[in-house]
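S.K.: Here it is, the structure, as structure tokens.
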Amino acid sequence: MDYRVITRYFRSPWFVRLVLFLAIMGPGIITSSVDNDAGGITTYSLAGAQFGYVLLWTLIPMTVALAVVQEMGVRMGVVSGKGLASLIREKTGVKLVFFIMALLLAVDFGNTLAEFSGISVSASIFGVPPYVSLPLAALFVWLLVVRGSYRSVERVFLVASALYVTYIISGFLAHPDWKIAAVNTFIPHITPDTAYITMLVGLVGTTIAPWMMFYIQASVVEKGVPLKHLNYSRLDAIAGSVVTNVVAFFIIVACAATIFVHGIPVNTVADVSAALAPLAGNYASVLFAFGFLNASLFAASILPLSTAHYVCEGLGFESGVSKTFREAPIFHGLYAGVIVLAAFFISLPNVPLLSILYLSQVGNGILLPFILIYMLVIANDKKIMGEYVNTKVFNYIAGATVVIMIGLSIALIFIGIL
């Protein structure tokens, strides 16, 4: 090829835009991918195993809701240059923020316990006992942040996001009925049954969690995305929302095509992995288990990181992965403390994990509406956002998302109490 042709190729507008997007990409895709954590994968697996393909339609509105919240987060971060906790503090004062941060800390500690429980379960599938896997996992996620910069940590997280492809492969290996899957994806099938409604609420409840809103905005701020590249950051947020629910689609499909069709009772991801082996082959089973280990380890890194970010932002302490322990002692201390305590509690015998997980989900349900409302208020504040405030159409979509999430959060709490 002629040198001039090659030069023109690399200078073409679309190639420049692609390079810029790859440089900006990260916060949206990483945050959305962690949404498919130990609890999320368990929920999707049980949805496919117990209800087949009929719940696939929920993924489309879930994708829209997630994309709306993610886009608001990156826009607020890029325009204001501040994290969500900092903006809430400026709006409400330190006292209310301290109360919110305390609740978030308790809730996210329960969520982190779930991730370390997922590490223990998935590692056991590969023959690694918990007393080996838990300390190694804790050491790995701690060293990742302590020894790395924001750029290096982001690269590791992007690799972890890419490894979710194992679920897509597992879905194909399960040889599902694609026609039935397509019909159920675009045509809602609602059954007035308690078990169905409970699973429906559980699926939507795994889509948006309070920690996500704080983490994506903190990541955009720490990455230093310039205002002129806001659209690339928006695209990153939307792409992440789509990709994470594509993965969820294949998890449900894999379990629907095998476990549901054969009527095999399952209660955990370990049961799902074991059931897949004779039905879809050992490769599907191993890939599914590996995907669960990756997701649990990935989320066990992100959740404590999100916790450290919003607590420090909300209370005015220095924060950031690129900062040393001397520069941000509270940030690094919180990160290490949550990891060590979570790994320690999970290693104890007779830990009431189900009760802890239930309480953390209730906490998510209580906090989520408040955080969403604060986001909407800030996103419409011209003093903060200037010309980048929400449009009327976007407010309608975001407002509807808030109302639906409030209703579902209340339903989740109510069902749990019953």
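Chain labels A, B, ... are given in the sequence in which chains occur in the structure tokens; within each chain residues are numbered consecutively from 1, and ligands are likewise numbered from 1 in the order shown.
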Find the residues near segment 187-190 of chain A: any atom within 8 Å, counting only C-alpha atoms, skip ones fewer than 4 places away on the same chain, and give them as a PyMOL selection string.
M.R.: chain A and resi 54-55+57-58+183
S.K.: Go ahead and write the selection's residues with C-alpha atoms as a compact mmCIF listing (two decimals), in the first residue's frame.
M.R.:
```
# COMPACT_ATOMS: atom_id res chain seq x y z
CA VAL A 54 -39.73 -15.76 29.78
CA LEU A 55 -37.84 -13.09 31.75
CA TRP A 57 -37.83 -9.10 28.04
CA THR A 58 -36.79 -7.35 31.26
CA VAL A 183 -39.64 -13.83 20.99
```
S.K.: For segment 245-332 of chain A against segment 198-215 of chain A, with a cut-off of 8 Å and counting only C-alpha atoms, what is the closest atom pair and its distance in Å to one decimal for every residue that makes the cut, ordered by chain and number, as a Markdown table?
M.R.:
```
| residue | atom | partner | partner_atom | distance |
| --- | --- | --- | --- | --- |
| A:Leu303 | CA | A:Trp211 | CA | 7.2 |
| A:Leu305 | CA | A:Tyr215 | CA | 7.9 |
| A:Ser306 | CA | A:Tyr215 | CA | 5.0 |
| A:Thr307 | CA | A:Trp211 | CA | 7.2 |
| A:His309 | CA | A:Tyr215 | CA | 7.2 |
| A:Tyr310 | CA | A:Phe214 | CA | 6.2 |
```
S.K.: Would you mind exporting N, CA and C atoms of the selected residues as a tab-separated table (two decimals), in the first residue's frame?
M.R.:
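The resulting file, out08.tsv, is reproduced below:
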```
chain	number	residue	atom	x	y	z
A	303	LEU	N	-16.06	-2.69	44.76
A	303	LEU	CA	-16.96	-2.24	45.82
A	303	LEU	C	-16.22	-1.53	46.97
A	305	LEU	N	-13.42	-0.07	46.72
A	305	LEU	CA	-12.86	1.14	46.10
A	305	LEU	C	-13.93	2.23	46.02
A	306	SER	N	-15.14	1.85	45.63
A	306	SER	CA	-16.25	2.79	45.59
A	306	SER	C	-16.54	3.33	46.98
A	307	THR	N	-16.53	2.44	47.97
A	307	THR	CA	-16.78	2.83	49.36
A	307	THR	C	-15.77	3.87	49.82
A	309	HIS	N	-13.99	5.86	47.98
A	309	HIS	CA	-14.17	7.10	47.22
A	309	HIS	C	-15.27	7.97	47.83
A	310	TYR	N	-16.48	7.40	48.01
A	310	TYR	CA	-17.58	8.26	48.41
A	310	TYR	C	-17.49	8.71	49.87
```
S.K.: Residues within 10 Å of Val377 of chain A, please, as a list of chain:residue names. Count only C-alpha atoms; anything in the same chain fewer than 2 positions from it doesn't count.
M.R.: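 My list of contacting residues is A:Ile88, A:Lys91, A:Ile371, A:Leu372, A:Ile373, A:Tyr374, A:Met375, A:Ala379, A:Asn380, A:Asp381, A:Val389, A:Asn390.
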S.K.: Fewer than 2 positions away in the same chain doesn't count, so skip those; otherwise give me all residues within 10 Å of segment 265-267 of chain A, counting only C-alpha atoms, as a PyMOL selection string.
M.R.: chain A and resi 42-43+45-46+49-50+259-260+262-263+269-275
S.K.: Residues within 10 Å of Ala174 of chain A, please, as an NGL selection string. Count only C-alpha atoms; anything in the same chain fewer than 3 positions from it doesn't count.
M.R.: :A and (169-171 or 177 or 250 or 253-259 or 276 or 279-281 or 284-285)
S.K.: Please compute the atom CA of Ile168 of chain A-atom CA of Ile251 of chain A distance, one decimal, in Å.
M.R.: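 Between atom CA of Ile168 of chain A and atom CA of Ile251 of chain A the gap works out to 7.4 Å.
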S.K.: Could you pull the residues within 9 Å of segment 311-328 of chain A, counting only C-alpha atoms, minus those fewer than 3 positions along the same chain, as number ranges by chain?
M.R.: A: 82-89, 94, 97-98, 101-102, 104-105, 145-151, 153, 218-219, 222, 305-308, 331-334
S.K.: For segment 155-162 of chain A, please output as a ChimeraX atom specification all residues within 7 Å (counting only C-alpha atoms; exclusion window: fewer than 4 positions along the same chain).
M.R.: /A:26,30,33,151,294,298
S.K.: Restricting the calculation to only C-alpha atoms, which member of A:Gly52, A:Pro130, A:Gly363, A:Pro304 is positioned closest to Leu341 of chain A?
M.R.: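 With only C-alpha atoms as the atom set, the closest residue is A:Pro304.
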S.K.: What is the atom CA of Pro13 of chain A-atom CA of Glu387 of chain A distance in Å, reported with one decimal?
M.R.: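 That distance, rounded to one decimal, is 26.5 Å.
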S.K.: How far is it from atom CA of Ile238 of chain A to atom CA of Ala67 of chain A, in Å with one decimal?
M.R.: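 Calculated distance between atom CA of Ile238 of chain A and atom CA of Ala67 of chain A is 5.0 Å.
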S.K.: Can you check which parts of segment 231-347 of chain A lie within 8 Å of segment 110-124 of chain A? Per residue, the shortest pair of atoms and distance in Å to one decimal, counting only C-alpha atoms, sorted by chain and number, as a Markdown table.
M.R.:
```
| residue | atom | partner | partner_atom | distance |
| --- | --- | --- | --- | --- |
| A:Ala270 | CA | A:Val121 | CA | 6.9 |
| A:Ala289 | CA | A:Ser122 | CA | 6.0 |
| A:Phe290 | CA | A:Ser122 | CA | 7.3 |
| A:Phe292 | CA | A:Ser122 | CA | 6.4 |
| A:Leu293 | CA | A:Ser122 | CA | 5.2 |
| A:Ser296 | CA | A:Glu115 | CA | 4.8 |
| A:Leu297 | CA | A:Ile119 | CA | 6.3 |
| A:Ala299 | CA | A:Glu115 | CA | 6.3 |
| A:Ala300 | CA | A:Glu115 | CA | 5.4 |
| A:Leu303 | CA | A:Thr112 | CA | 6.3 |
| A:Pro304 | CA | A:Thr112 | CA | 7.1 |
| A:Val338 | CA | A:Thr112 | CA | 7.8 |
| A:Ile339 | CA | A:Thr112 | CA | 7.8 |
| A:Ala342 | CA | A:Leu113 | CA | 5.1 |
| A:Ala343 | CA | A:Phe116 | CA | 6.2 |
| A:Phe345 | CA | A:Leu113 | CA | 7.6 |
| A:Ile346 | CA | A:Ser117 | CA | 6.2 |
```
S.K.: Would you save the residues from that selection as a PDB file, in the first residue's frame, using C-alpha atoms?
M.R.:
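File produced: result.pdb:
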```
ATOM      1  CA  ALA A 270     -22.119 -24.064  42.118  1.00  0.00           C
ATOM      2  CA  ALA A 289     -17.486 -21.260  36.976  1.00  0.00           C
ATOM      3  CA  PHE A 290     -14.480 -19.245  35.787  1.00  0.00           C
ATOM      4  CA  PHE A 292     -18.229 -16.408  38.365  1.00  0.00           C
ATOM      5  CA  LEU A 293     -14.754 -16.379  39.950  1.00  0.00           C
ATOM      6  CA  SER A 296     -16.571 -12.061  42.263  1.00  0.00           C
ATOM      7  CA  LEU A 297     -12.905 -11.063  42.324  1.00  0.00           C
ATOM      8  CA  ALA A 299     -16.456  -6.823  42.278  1.00  0.00           C
ATOM      9  CA  ALA A 300     -14.452  -7.485  45.456  1.00  0.00           C
ATOM     10  CA  LEU A 303     -16.957  -2.236  45.818  1.00  0.00           C
ATOM     11  CA  PRO A 304     -14.386  -1.366  48.540  1.00  0.00           C
ATOM     12  CA  VAL A 338     -13.225  -3.321  54.094  1.00  0.00           C
ATOM     13  CA  ILE A 339     -11.262  -6.019  52.226  1.00  0.00           C
ATOM     14  CA  ALA A 342     -14.912  -9.040  54.562  1.00  0.00           C
ATOM     15  CA  ALA A 343     -12.423 -11.855  53.926  1.00  0.00           C
ATOM     16  CA  PHE A 345     -15.953 -12.658  58.252  1.00  0.00           C
ATOM     17  CA  ILE A 346     -16.519 -15.012  55.319  1.00  0.00           C
TER      18      ILE A 346
END
```
S.K.: From a DSSP pass on the backbone, collect the residues of segment 44-254 of chain A flagged as alpha helix (DSSP H) and hand them back as a PyMOL selection string.
M.R.: chain A and resi 44-51+59-80+84-92+94-125+130-146+150-162+165-173+178-186+194-205+210-223+230-254
